[in-house]
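File shown here: model.pdb, holding PDB, C-alpha atoms.
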```pdb
MODEL        1
ATOM      1  CA  MET A   1       0.000   0.000   0.000
ATOM      2  CA  GLU A   2       1.111   3.520  -0.766
ATOM      3  CA  LEU A   3       0.714   6.200   1.911
ATOM      4  CA  ARG A   4      -2.194   7.825   0.068
ATOM      5  CA  GLU A   5      -4.014   4.489  -0.138
ATOM      6  CA  ILE A   6      -3.514   3.959   3.599
ATOM      7  CA  GLU A   7      -4.947   7.421   4.199
ATOM      8  CA  ILE A   8      -8.002   6.616   2.048
ATOM      9  CA  PHE A   9      -8.576   3.301   3.820
ATOM     10  CA  LEU A  10      -8.323   4.816   7.315
ATOM     11  CA  ALA A  11     -10.566   7.741   6.397
ATOM     12  CA  LEU A  12     -13.237   5.411   5.004
ATOM     13  CA  ALA A  13     -12.911   3.175   8.062
ATOM     14  CA  GLU A  14     -13.731   6.239  10.171
ATOM     15  CA  GLU A  15     -16.390   7.860   7.997
ATOM     16  CA  LEU A  16     -18.033   4.640   6.674
ATOM     17  CA  HIS A  17     -19.306   6.721   3.772
ATOM     18  CA  PHE A  18     -17.677   7.067   0.350
ATOM     19  CA  GLY A  19     -18.961  10.588  -0.274
ATOM     20  CA  ARG A  20     -17.847  12.012   3.078
ATOM     21  CA  THR A  21     -14.467  10.325   2.708
ATOM     22  CA  ALA A  22     -14.029  11.865  -0.740
ATOM     23  CA  ASP A  23     -14.948  15.323   0.568
ATOM     24  CA  ARG A  24     -12.573  14.972   3.504
ATOM     25  CA  LEU A  25      -9.648  13.980   1.287
ATOM     26  CA  HIS A  26     -10.553  16.295  -1.616
ATOM     27  CA  VAL A  27     -10.875  13.447  -4.127
ATOM     28  CA  THR A  28     -13.790  11.907  -6.011
ATOM     29  CA  PRO A  29     -15.875   9.013  -4.632
ATOM     30  CA  ALA A  30     -14.679   6.985  -7.638
ATOM     31  CA  ARG A  31     -11.065   7.515  -6.507
ATOM     32  CA  VAL A  32     -11.960   6.215  -3.033
ATOM     33  CA  SER A  33     -13.742   3.173  -4.484
ATOM     34  CA  GLN A  34     -10.835   2.468  -6.835
ATOM     35  CA  ALA A  35      -8.291   2.586  -3.997
ATOM     36  CA  ILE A  36     -10.318   0.256  -1.780
ATOM     37  CA  LYS A  37     -10.836  -2.267  -4.584
ATOM     38  CA  LYS A  38      -7.100  -2.241  -5.298
ATOM     39  CA  GLN A  39      -6.353  -2.913  -1.621
ATOM     40  CA  GLU A  40      -8.883  -5.745  -1.496
ATOM     41  CA  ARG A  41      -7.379  -7.360  -4.596
ATOM     42  CA  ALA A  42      -3.900  -7.148  -3.086
ATOM     43  CA  ILE A  43      -5.051  -8.634   0.236
ATOM     44  CA  GLY A  44      -7.414 -11.180  -1.338
ATOM     45  CA  ALA A  45     -10.348 -10.388   0.935
ATOM     46  CA  GLU A  46     -13.099  -7.817   1.404
ATOM     47  CA  LEU A  47     -12.296  -4.933   3.740
ATOM     48  CA  PHE A  48     -15.771  -3.355   3.667
ATOM     49  CA  ARG A  49     -19.285  -4.701   3.183
ATOM     50  CA  ARG A  50     -21.263  -2.292   1.001
ATOM     51  CA  THR A  51     -24.990  -2.032   0.581
ATOM     52  CA  SER A  52     -27.078   0.705  -0.981
ATOM     53  CA  ARG A  53     -27.449   2.267   2.470
ATOM     54  CA  THR A  54     -24.469   1.292   4.609
ATOM     55  CA  VAL A  55     -20.723   0.678   4.597
ATOM     56  CA  GLN A  56     -19.349  -1.649   7.268
ATOM     57  CA  LEU A  57     -15.850  -2.910   8.059
ATOM     58  CA  THR A  58     -15.356  -6.656   7.742
ATOM     59  CA  PRO A  59     -13.425  -8.456  10.514
ATOM     60  CA  ILE A  60     -10.345  -8.381   8.275
ATOM     61  CA  GLY A  61     -10.960  -4.654   7.679
ATOM     62  CA  VAL A  62     -11.130  -4.060  11.451
ATOM     63  CA  GLU A  63      -7.866  -5.914  11.945
ATOM     64  CA  LEU A  64      -6.183  -3.920   9.174
ATOM     65  CA  ARG A  65      -7.488  -0.638  10.536
ATOM     66  CA  ASP A  66      -6.177  -1.388  14.025
ATOM     67  CA  GLY A  67      -2.824  -2.453  12.637
ATOM     68  CA  LEU A  68      -2.345   0.556  10.389
ATOM     69  CA  ALA A  69      -3.695   3.363  12.600
ATOM     70  CA  ALA A  70      -0.825   3.584  15.089
ATOM     71  CA  GLY A  71       1.828   3.408  12.390
ATOM     72  CA  TYR A  72       0.051   6.034  10.291
ATOM     73  CA  ARG A  73      -0.079   8.417  13.274
ATOM     74  CA  GLN A  74       3.645   7.937  13.793
ATOM     75  CA  ILE A  75       4.299   8.735  10.137
ATOM     76  CA  GLN A  76       2.162  11.888  10.359
ATOM     77  CA  GLU A  77       3.900  13.001  13.549
ATOM     78  CA  ALA A  78       7.315  12.427  11.985
ATOM     79  CA  LEU A  79       6.328  14.430   8.896
ATOM     80  CA  ALA A  80       4.958  17.249  11.083
ATOM     81  CA  ALA A  81       8.144  17.284  13.153
ATOM     82  CA  ALA A  82      10.274  17.449  10.013
ATOM     83  CA  ALA A  83       8.158  20.315   8.652
ATOM     84  CA  THR A  84       8.469  22.152  11.955
ATOM     85  CA  ALA A  85      12.232  21.689  11.947
ATOM     86  CA  GLY A  86      12.374  22.875   8.355
ATOM     87  CA  GLN A  87      10.566  26.069   9.339
ATOM     88  CA  GLY A  88      12.945  26.660  12.230
ATOM     89  CA  ILE A  89      10.213  26.255  14.873
ATOM     90  CA  THR A  90      12.319  24.268  17.316
ATOM     91  CA  GLY A  91      14.469  24.974  20.336
ATOM     92  CA  GLU A  92      13.411  27.721  22.740
ATOM     93  CA  LEU A  93      11.325  30.889  22.509
ATOM     94  CA  ARG A  94      11.476  33.490  25.289
ATOM     95  CA  VAL A  95       8.479  35.807  25.624
ATOM     96  CA  ALA A  96       8.211  38.668  28.126
ATOM     97  CA  TYR A  97       5.310  40.859  29.222
ATOM     98  CA  SER A  98       4.977  44.060  31.207
ATOM     99  CA  ALA A  99       1.499  43.752  32.758
ATOM    100  CA  ALA A 100      -0.399  40.927  34.456
ATOM    101  CA  TRP A 101      -3.255  40.981  31.947
ATOM    102  CA  SER A 102      -0.729  40.676  29.137
ATOM    103  CA  GLY A 103       0.812  37.731  30.953
ATOM    104  CA  ASN A 104      -2.525  35.906  30.997
ATOM    105  CA  LEU A 105      -2.755  36.186  27.218
ATOM    106  CA  ILE A 106       0.873  35.111  26.746
ATOM    107  CA  VAL A 107       0.286  31.958  28.827
ATOM    108  CA  ALA A 108      -2.840  31.055  26.819
ATOM    109  CA  ALA A 109      -1.027  31.686  23.530
ATOM    110  CA  ALA A 110       1.948  29.601  24.685
ATOM    111  CA  ASP A 111      -0.342  26.632  25.375
ATOM    112  CA  ARG A 112      -1.809  26.883  21.882
ATOM    113  CA  PHE A 113       1.651  27.360  20.349
ATOM    114  CA  ARG A 114       3.030  24.225  22.049
ATOM    115  CA  ALA A 115       0.130  22.175  20.692
ATOM    116  CA  HIS A 116       1.136  23.092  17.119
ATOM    117  CA  HIS A 117       4.903  23.213  17.670
ATOM    118  CA  PRO A 118       5.759  20.616  20.322
ATOM    119  CA  HIS A 119       9.497  20.804  19.573
ATOM    120  CA  CYS A 120       9.732  24.462  20.632
ATOM    121  CA  VAL A 121       9.818  25.243  24.370
ATOM    122  CA  VAL A 122       8.259  28.595  25.359
ATOM    123  CA  HIS A 123       9.729  30.418  28.381
ATOM    124  CA  ILE A 124       7.627  33.242  29.849
ATOM    125  CA  GLN A 125       9.109  36.023  31.946
ATOM    126  CA  ASP A 126       8.428  39.506  33.335
ATOM    127  CA  SER A 127       9.659  42.570  31.491
ATOM    128  CA  GLN A 128      11.658  45.006  33.605
ATOM    129  CA  LEU A 129      10.019  48.423  33.868
ATOM    130  CA  ASN A 130      13.301  50.326  33.682
ATOM    131  CA  ASP A 131      14.878  48.339  30.818
ATOM    132  CA  PRO A 132      12.263  46.615  28.632
ATOM    133  CA  LEU A 133      14.397  46.686  25.474
ATOM    134  CA  GLY A 134      17.714  45.490  26.901
ATOM    135  CA  PRO A 135      16.756  41.774  26.857
ATOM    136  CA  LEU A 136      15.649  42.088  23.218
ATOM    137  CA  ARG A 137      18.947  43.662  22.305
ATOM    138  CA  ASP A 138      21.157  41.164  24.138
ATOM    139  CA  GLY A 139      19.151  38.186  22.881
ATOM    140  CA  SER A 140      17.882  36.975  26.271
ATOM    141  CA  THR A 141      14.278  37.659  25.160
ATOM    142  CA  ASP A 142      12.751  37.039  21.724
ATOM    143  CA  LEU A 143       9.439  38.874  22.095
ATOM    144  CA  VAL A 144       7.874  41.317  24.543
ATOM    145  CA  LEU A 145       4.283  42.521  24.943
ATOM    146  CA  ILE A 146       4.525  46.006  26.366
ATOM    147  CA  GLU A 147       3.115  49.518  26.523
ATOM    148  CA  LEU A 148       3.755  51.669  23.486
ATOM    149  CA  PRO A 149       5.147  53.847  21.961
ATOM    150  CA  ILE A 150       8.534  52.362  21.177
ATOM    151  CA  ASP A 151      10.435  53.892  18.275
ATOM    152  CA  GLU A 152      13.920  52.409  18.018
ATOM    153  CA  PRO A 153      15.814  51.574  14.801
ATOM    154  CA  ASP A 154      16.826  48.108  16.022
ATOM    155  CA  ILE A 155      13.386  47.127  17.377
ATOM    156  CA  VAL A 156      10.453  45.932  15.253
ATOM    157  CA  ASN A 157       6.982  47.170  16.213
ATOM    158  CA  GLY A 158       4.519  44.333  15.767
ATOM    159  CA  PRO A 159       0.728  44.448  16.011
ATOM    160  CA  VAL A 160      -1.138  46.295  18.777
ATOM    161  CA  ILE A 161      -2.841  43.713  21.010
ATOM    162  CA  PHE A 162      -4.680  45.778  23.651
ATOM    163  CA  ILE A 163      -6.009  49.325  23.795
ATOM    164  CA  GLU A 164      -6.953  50.202  27.365
ATOM    165  CA  PRO A 165      -8.321  53.333  29.102
ATOM    166  CA  ARG A 166      -6.143  55.113  31.642
ATOM    167  CA  ALA A 167      -6.559  55.650  35.366
ATOM    168  CA  LEU A 168      -4.660  57.549  38.054
ATOM    169  CA  VAL A 169      -3.342  55.712  41.112
ATOM    170  CA  VAL A 170      -3.727  57.864  44.235
ATOM    171  CA  PRO A 171      -3.550  57.315  48.016
ATOM    172  CA  VAL A 172      -6.945  56.498  49.543
ATOM    173  CA  GLY A 173      -6.909  59.732  51.557
ATOM    174  CA  HIS A 174      -6.155  61.954  48.572
ATOM    175  CA  PRO A 175      -8.905  64.377  47.397
ATOM    176  CA  PHE A 176      -8.752  62.750  43.931
ATOM    177  CA  ALA A 177      -9.823  59.437  45.472
ATOM    178  CA  GLU A 178     -13.299  60.855  46.119
ATOM    179  CA  ARG A 179     -13.833  61.798  42.460
ATOM    180  CA  GLU A 180     -15.540  59.694  39.817
ATOM    181  CA  THR A 181     -12.970  60.808  37.209
ATOM    182  CA  VAL A 182      -9.896  63.001  36.901
ATOM    183  CA  SER A 183      -8.515  65.143  34.074
ATOM    184  CA  VAL A 184      -5.004  65.357  32.673
ATOM    185  CA  GLU A 185      -5.079  68.960  33.887
ATOM    186  CA  ASP A 186      -5.406  67.664  37.453
ATOM    187  CA  LEU A 187      -1.851  66.323  37.251
ATOM    188  CA  ALA A 188      -0.634  69.877  37.899
ATOM    189  CA  GLU A 189      -2.017  69.534  41.446
ATOM    190  CA  ALA A 190      -0.115  66.430  42.593
ATOM    191  CA  PRO A 191       3.483  65.197  42.269
ATOM    192  CA  LEU A 192       3.922  62.437  39.726
ATOM    193  CA  VAL A 193       5.981  59.389  40.721
ATOM    194  CA  ASP A 194       8.643  59.171  38.022
ATOM    195  CA  ILE A 195      10.099  56.196  36.168
ATOM    196  CA  THR A 196      13.746  55.999  35.151
ATOM    197  CA  GLY A 197      15.304  54.029  32.312
ATOM    198  CA  GLN A 198      12.603  54.556  29.664
ATOM    199  CA  PRO A 199      13.089  56.503  26.407
ATOM    200  CA  GLN A 200      12.172  60.179  26.724
ATOM    201  CA  TYR A 201       9.423  59.998  24.083
ATOM    202  CA  PHE A 202       7.827  57.182  26.124
ATOM    203  CA  LEU A 203       7.966  59.280  29.301
ATOM    204  CA  ASP A 204       6.567  62.314  27.489
ATOM    205  CA  LEU A 205       3.374  60.377  26.751
ATOM    206  CA  HIS A 206       2.960  58.400  29.977
ATOM    207  CA  TYR A 207       4.626  60.741  32.492
ATOM    208  CA  PRO A 208       4.313  64.205  30.927
ATOM    209  CA  ARG A 209       6.092  67.308  32.199
ATOM    210  CA  ARG A 210       3.205  69.664  31.422
ATOM    211  CA  THR A 211      -0.549  69.486  31.141
ATOM    212  CA  PRO A 212      -2.300  70.186  27.813
ATOM    213  CA  LYS A 213      -2.704  73.826  28.930
ATOM    214  CA  GLY A 214       1.008  74.116  29.655
ATOM    215  CA  ARG A 215       0.894  73.940  33.437
ATOM    216  CA  PRO A 216       3.964  72.216  34.948
ATOM    217  CA  ILE A 217       3.422  68.807  36.510
ATOM    218  CA  PRO A 218       5.414  68.435  39.747
ATOM    219  CA  ARG A 219       7.680  65.401  40.100
ATOM    220  CA  GLY A 220       7.758  62.992  42.992
ATOM    221  CA  PRO A 221      10.401  60.369  43.704
ATOM    222  CA  SER A 222      11.730  58.149  40.911
ATOM    223  CA  THR A 223      11.743  54.366  40.809
ATOM    224  CA  THR A 224      12.424  51.478  38.447
ATOM    225  CA  ALA A 225       9.759  48.951  39.540
ATOM    226  CA  TRP A 226       5.955  48.929  39.430
ATOM    227  CA  GLN A 227       5.517  47.572  42.961
ATOM    228  CA  GLU A 228       7.686  50.442  44.205
ATOM    229  CA  VAL A 229       5.405  52.862  42.351
ATOM    230  CA  LEU A 230       2.427  51.498  44.281
ATOM    231  CA  ALA A 231       4.314  51.667  47.584
ATOM    232  CA  LEU A 232       5.306  55.297  46.978
ATOM    233  CA  VAL A 233       1.748  56.243  46.040
ATOM    234  CA  ALA A 234       0.368  54.497  49.133
ATOM    235  CA  ALA A 235       2.862  56.429  51.281
ATOM    236  CA  GLY A 236       1.570  59.728  49.891
ATOM    237  CA  LYS A 237       4.731  60.517  47.907
ATOM    238  CA  GLY A 238       2.865  61.104  44.651
ATOM    239  CA  VAL A 239       0.384  59.736  42.123
ATOM    240  CA  SER A 240       0.880  57.652  38.994
ATOM    241  CA  PRO A 241      -0.948  57.114  35.704
ATOM    242  CA  THR A 242      -1.585  53.528  34.638
ATOM    243  CA  CYS A 243      -4.007  51.328  32.741
ATOM    244  CA  ALA A 244      -7.503  51.206  34.287
ATOM    245  CA  ARG A 245      -7.367  47.402  34.267
ATOM    246  CA  ALA A 246      -4.608  47.573  36.885
ATOM    247  CA  ALA A 247      -7.323  48.121  39.514
ATOM    248  CA  HIS A 248      -8.331  44.456  39.144
ATOM    249  CA  TYR A 249      -4.796  43.087  39.222
ATOM    250  CA  TYR A 250      -2.986  45.354  41.688
ATOM    251  CA  ALA A 251      -5.681  46.224  44.229
ATOM    252  CA  ARG A 252      -4.475  47.426  47.636
ATOM    253  CA  PRO A 253      -6.399  48.836  50.610
ATOM    254  CA  ASP A 254      -4.216  51.963  50.727
ATOM    255  CA  ILE A 255      -4.568  53.112  47.108
ATOM    256  CA  ALA A 256      -7.405  53.959  44.715
ATOM    257  CA  TYR A 257      -7.688  53.919  40.933
ATOM    258  CA  VAL A 258      -9.567  56.891  39.451
ATOM    259  CA  PRO A 259     -10.408  56.801  35.711
ATOM    260  CA  PHE A 260      -9.197  59.595  33.442
ATOM    261  CA  ARG A 261     -11.958  61.197  31.381
ATOM    262  CA  ASP A 262      -9.707  62.812  28.782
ATOM    263  CA  ALA A 263      -6.367  60.965  28.672
ATOM    264  CA  PRO A 264      -5.397  58.994  25.548
ATOM    265  CA  PRO A 265      -5.679  55.200  25.916
ATOM    266  CA  VAL A 266      -2.725  52.924  26.580
ATOM    267  CA  GLU A 267      -1.684  50.728  23.661
ATOM    268  CA  TYR A 268       0.020  47.369  24.255
ATOM    269  CA  GLY A 269       1.969  45.913  21.366
ATOM    270  CA  LEU A 270       4.450  43.196  20.477
ATOM    271  CA  LEU A 271       8.122  44.014  19.943
ATOM    272  CA  TRP A 272      11.077  41.976  18.738
ATOM    273  CA  SER A 273      14.628  42.665  17.654
ATOM    274  CA  ALA A 274      15.216  43.604  14.027
ATOM    275  CA  THR A 275      17.740  40.754  13.895
ATOM    276  CA  GLY A 276      15.354  38.308  15.563
ATOM    277  CA  ASN A 277      12.606  38.050  12.944
ATOM    278  CA  THR A 278      12.742  34.237  12.939
ATOM    279  CA  PRO A 279      10.095  31.719  11.805
ATOM    280  CA  LYS A 280       9.285  30.824  15.406
ATOM    281  CA  VAL A 281       8.828  34.505  16.339
ATOM    282  CA  ARG A 282       6.471  34.992  13.401
ATOM    283  CA  ALA A 283       4.627  31.794  14.302
ATOM    284  CA  PHE A 284       4.141  32.915  17.903
ATOM    285  CA  VAL A 285       2.901  36.334  16.785
ATOM    286  CA  ARG A 286       0.264  34.626  14.623
ATOM    287  CA  THR A 287      -0.708  32.345  17.494
ATOM    288  CA  LEU A 288      -1.019  35.238  19.936
ATOM    289  CA  LEU A 289      -3.244  37.177  17.532
ATOM    290  CA  GLU A 290      -5.444  34.092  17.115
ATOM    291  CA  THR A 291      -5.625  33.679  20.887
ATOM    292  CA  ALA A 292      -6.489  37.349  21.462
ATOM    293  CA  ALA A 293      -9.268  37.139  18.878
ATOM    294  CA  ALA A 294     -10.756  33.915  20.283
TER     295      ALA A 294
ENDMDL
END
```
Translate this file's structure into structure tokens.
Amino acid sequence: MELREIEIFLALAEELHFGRTADRLHVTPARVSQAIKKQERAIGAELFRRTSRTVQLTPIGVELRDGLAAGYRQIQEALAAAATAGQGITGELRVAYSAAWSGNLIVAAADRFRAHHPHCVVHIQDSQLNDPLGPLRDGSTDLVLIELPIDEPDIVNGPVIFIEPRALVVPVGHPFAERETVSVEDLAEAPLVDITGQPQYFLDLHYPRRTPKGRPIPRGPSTTAWQEVLALVAAGKGVSPTCARAAHYYARPDIAYVPFRDAPPVEYGLLWSATGNTPKVRAFVRTLLETAAA
């Protein structure tokens, strides 16, 4: 038997219908019938009993099906593994994320990715707030899902995955905590906890120096870690803008999240190194987009 004939036999043994088998394999019913007759002639016995209404496996057909099925699966798995290796989707893939909600999506996408590419191990890690691009540049991370904008000549901007409204993190005793919303103009009335290590254009959007009307925004202490931002806010050292969804992931009894009514949303996108545009990176990007859309 040739591999195609084995495939036809096993499909018919499962479908027990010549028309459905033909549709499944994208051939004609006559091609299915021809292949089965050829197999029966070679074996010297009927494999299926046909009537005008039914198709049934004979005892010899059952025995052949059981004998061929495991071997056929092994052949298919070997072919799939070879195709995966040929595409370069093997080895390890390291994916980082900056926010907890992004991490949830990365984990779900990694599960789906492993199902299609079992010979590639996905490692998931946090992205450092003060140096999100360093691991991409030194090769210790292949992909990162992070807040935008990022505009660097050696970094590729992939698709935007999330677009989220903004909120302001304030101490629970702060006057802003009693409001339903705040304005970007209100930032002139409270020191802003600062972040170090990010590109200036990134800070200009997320941690601006002036309000839209030109009023200066006072600066509070600087830090390099998100948990330190929350601790400084809780201690009354300043306030901090963030994504509104952070209220569900980083809730604390000593801080409050107040939605902005006029701030631009936060975009989260995928980044990878310009020298790291590999088949497995592209495959994971496709998988993540499929997972986000599901």
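Between Asp194 of chain A and the residues A:Thr54, A:Ser240, A:Thr141, A:Gln39, the shortest atom-to-atom distance, using all atoms listed in the file, involves A:Ser240.
Distances from A:Gly19, A:Gly134, A:Gly197, A:Pro165 to Pro264 of chain A were compared using all atoms listed in the file, and the smallest one belongs to A:Pro165.
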Exercise for review: Would you list the contacts of Val233 of chain A as a ChimeraX atom specification, taking every protein, DNA or RNA residue within 10 Å and counting only C-alpha atoms, but skipping same-chain residues closer than 3 positions in sequence?
Suggested key: /A:169-172,191-193,220-221,227-230,236-240,254-256
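Environment of (2.7, 35.1, 14.3): residues at most 12 Å away, judged by all atoms listed in the file, are Ile89, Ala109, Ala110, Phe113, Leu143, Gly158, Pro159, Leu270, Leu271, Trp272, Asn277, Thr278, Pro279, Lys280, Val281, Arg282, Ala283, Phe284, Val285, Arg286, Thr287, Leu288, Leu289, Glu290, Thr291 and Ala292 of chain A.
The nearest approach to Arg24 of chain A among the residues A:Glu7, A:Asp186, A:Asp126, A:Asp154, with only C-alpha atoms taken into account, belongs to A:Glu7.
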Review point. So what does the PyMOL selection byres ((chain A and resi 244) around 8) actually pick up in this one, as a PyMOL selection string?
Key: chain A and resi 164-168+242-243+245-247+257-259
Review point. Using all atoms listed in the file, which of A:Gly139, A:Arg53, A:Glu92, A:Pro149 sits nearest His119 of chain A?
Key: A:Glu92
Exercise for review: Carefully work through the PyMOL selection byres ((chain A and resi 183) around 12) for this structure and note down the residues it includes, as a ChimeraX atom specification.
Suggested key: /A:166-168,176,179-182,184-189,211-213,241,258-264
Point to revise | Residues returned when the PyMOL selection byres ((chain A and resi 63-68) around 12) runs on this file, as a ChimeraX atom specification | key: /A:1,3,5-14,39-40,43,45-48,57-62,69-75
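Within 9 Å of Gln125 of chain A, once only C-alpha atoms are used and residues closer than 2 positions along the same chain are dropped, the contacting residues are Arg94, Val95, Ala96, Tyr97, Gly103, His123, Ser127 and Thr141 of chain A.
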Is it possible to dump segment 187-259 of chain A as a PDB file, in the first residue's frame, including just C-alpha atoms?
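Saved the output as out.pdb:
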```
ATOM      1  CA  LEU A 187      -1.851  66.323  37.251  1.00  0.00           C
ATOM      2  CA  ALA A 188      -0.634  69.877  37.899  1.00  0.00           C
ATOM      3  CA  GLU A 189      -2.017  69.534  41.446  1.00  0.00           C
ATOM      4  CA  ALA A 190      -0.115  66.430  42.593  1.00  0.00           C
ATOM      5  CA  PRO A 191       3.483  65.197  42.269  1.00  0.00           C
ATOM      6  CA  LEU A 192       3.922  62.437  39.726  1.00  0.00           C
ATOM      7  CA  VAL A 193       5.981  59.389  40.721  1.00  0.00           C
ATOM      8  CA  ASP A 194       8.643  59.171  38.022  1.00  0.00           C
ATOM      9  CA  ILE A 195      10.099  56.196  36.168  1.00  0.00           C
ATOM     10  CA  THR A 196      13.746  55.999  35.151  1.00  0.00           C
ATOM     11  CA  GLY A 197      15.304  54.029  32.312  1.00  0.00           C
ATOM     12  CA  GLN A 198      12.603  54.556  29.664  1.00  0.00           C
ATOM     13  CA  PRO A 199      13.089  56.503  26.407  1.00  0.00           C
ATOM     14  CA  GLN A 200      12.172  60.179  26.724  1.00  0.00           C
ATOM     15  CA  TYR A 201       9.423  59.998  24.083  1.00  0.00           C
ATOM     16  CA  PHE A 202       7.827  57.182  26.124  1.00  0.00           C
ATOM     17  CA  LEU A 203       7.966  59.280  29.301  1.00  0.00           C
ATOM     18  CA  ASP A 204       6.567  62.314  27.489  1.00  0.00           C
ATOM     19  CA  LEU A 205       3.374  60.377  26.751  1.00  0.00           C
ATOM     20  CA  HIS A 206       2.960  58.400  29.977  1.00  0.00           C
ATOM     21  CA  TYR A 207       4.626  60.741  32.492  1.00  0.00           C
ATOM     22  CA  PRO A 208       4.313  64.205  30.927  1.00  0.00           C
ATOM     23  CA  ARG A 209       6.092  67.308  32.199  1.00  0.00           C
ATOM     24  CA  ARG A 210       3.205  69.664  31.422  1.00  0.00           C
ATOM     25  CA  THR A 211      -0.549  69.486  31.141  1.00  0.00           C
ATOM     26  CA  PRO A 212      -2.300  70.186  27.813  1.00  0.00           C
ATOM     27  CA  LYS A 213      -2.704  73.826  28.930  1.00  0.00           C
ATOM     28  CA  GLY A 214       1.008  74.116  29.655  1.00  0.00           C
ATOM     29  CA  ARG A 215       0.894  73.940  33.437  1.00  0.00           C
ATOM     30  CA  PRO A 216       3.964  72.216  34.948  1.00  0.00           C
ATOM     31  CA  ILE A 217       3.422  68.807  36.510  1.00  0.00           C
ATOM     32  CA  PRO A 218       5.414  68.435  39.747  1.00  0.00           C
ATOM     33  CA  ARG A 219       7.680  65.401  40.100  1.00  0.00           C
ATOM     34  CA  GLY A 220       7.758  62.992  42.992  1.00  0.00           C
ATOM     35  CA  PRO A 221      10.401  60.369  43.704  1.00  0.00           C
ATOM     36  CA  SER A 222      11.730  58.149  40.911  1.00  0.00           C
ATOM     37  CA  THR A 223      11.743  54.366  40.809  1.00  0.00           C
ATOM     38  CA  THR A 224      12.424  51.478  38.447  1.00  0.00           C
ATOM     39  CA  ALA A 225       9.759  48.951  39.540  1.00  0.00           C
ATOM     40  CA  TRP A 226       5.955  48.929  39.430  1.00  0.00           C
ATOM     41  CA  GLN A 227       5.517  47.572  42.961  1.00  0.00           C
ATOM     42  CA  GLU A 228       7.686  50.442  44.205  1.00  0.00           C
ATOM     43  CA  VAL A 229       5.405  52.862  42.351  1.00  0.00           C
ATOM     44  CA  LEU A 230       2.427  51.498  44.281  1.00  0.00           C
ATOM     45  CA  ALA A 231       4.314  51.667  47.584  1.00  0.00           C
ATOM     46  CA  LEU A 232       5.306  55.297  46.978  1.00  0.00           C
ATOM     47  CA  VAL A 233       1.748  56.243  46.040  1.00  0.00           C
ATOM     48  CA  ALA A 234       0.368  54.497  49.133  1.00  0.00           C
ATOM     49  CA  ALA A 235       2.862  56.429  51.281  1.00  0.00           C
ATOM     50  CA  GLY A 236       1.570  59.728  49.891  1.00  0.00           C
ATOM     51  CA  LYS A 237       4.731  60.517  47.907  1.00  0.00           C
ATOM     52  CA  GLY A 238       2.865  61.104  44.651  1.00  0.00           C
ATOM     53  CA  VAL A 239       0.384  59.736  42.123  1.00  0.00           C
ATOM     54  CA  SER A 240       0.880  57.652  38.994  1.00  0.00           C
ATOM     55  CA  PRO A 241      -0.948  57.114  35.704  1.00  0.00           C
ATOM     56  CA  THR A 242      -1.585  53.528  34.638  1.00  0.00           C
ATOM     57  CA  CYS A 243      -4.007  51.328  32.741  1.00  0.00           C
ATOM     58  CA  ALA A 244      -7.503  51.206  34.287  1.00  0.00           C
ATOM     59  CA  ARG A 245      -7.367  47.402  34.267  1.00  0.00           C
ATOM     60  CA  ALA A 246      -4.608  47.573  36.885  1.00  0.00           C
ATOM     61  CA  ALA A 247      -7.323  48.121  39.514  1.00  0.00           C
ATOM     62  CA  HIS A 248      -8.331  44.456  39.144  1.00  0.00           C
ATOM     63  CA  TYR A 249      -4.796  43.087  39.222  1.00  0.00           C
ATOM     64  CA  TYR A 250      -2.986  45.354  41.688  1.00  0.00           C
ATOM     65  CA  ALA A 251      -5.681  46.224  44.229  1.00  0.00           C
ATOM     66  CA  ARG A 252      -4.475  47.426  47.636  1.00  0.00           C
ATOM     67  CA  PRO A 253      -6.399  48.836  50.610  1.00  0.00           C
ATOM     68  CA  ASP A 254      -4.216  51.963  50.727  1.00  0.00           C
ATOM     69  CA  ILE A 255      -4.568  53.112  47.108  1.00  0.00           C
ATOM     70  CA  ALA A 256      -7.405  53.959  44.715  1.00  0.00           C
ATOM     71  CA  TYR A 257      -7.688  53.919  40.933  1.00  0.00           C
ATOM     72  CA  VAL A 258      -9.567  56.891  39.451  1.00  0.00           C
ATOM     73  CA  PRO A 259     -10.408  56.801  35.711  1.00  0.00           C
TER      74      PRO A 259
END
```
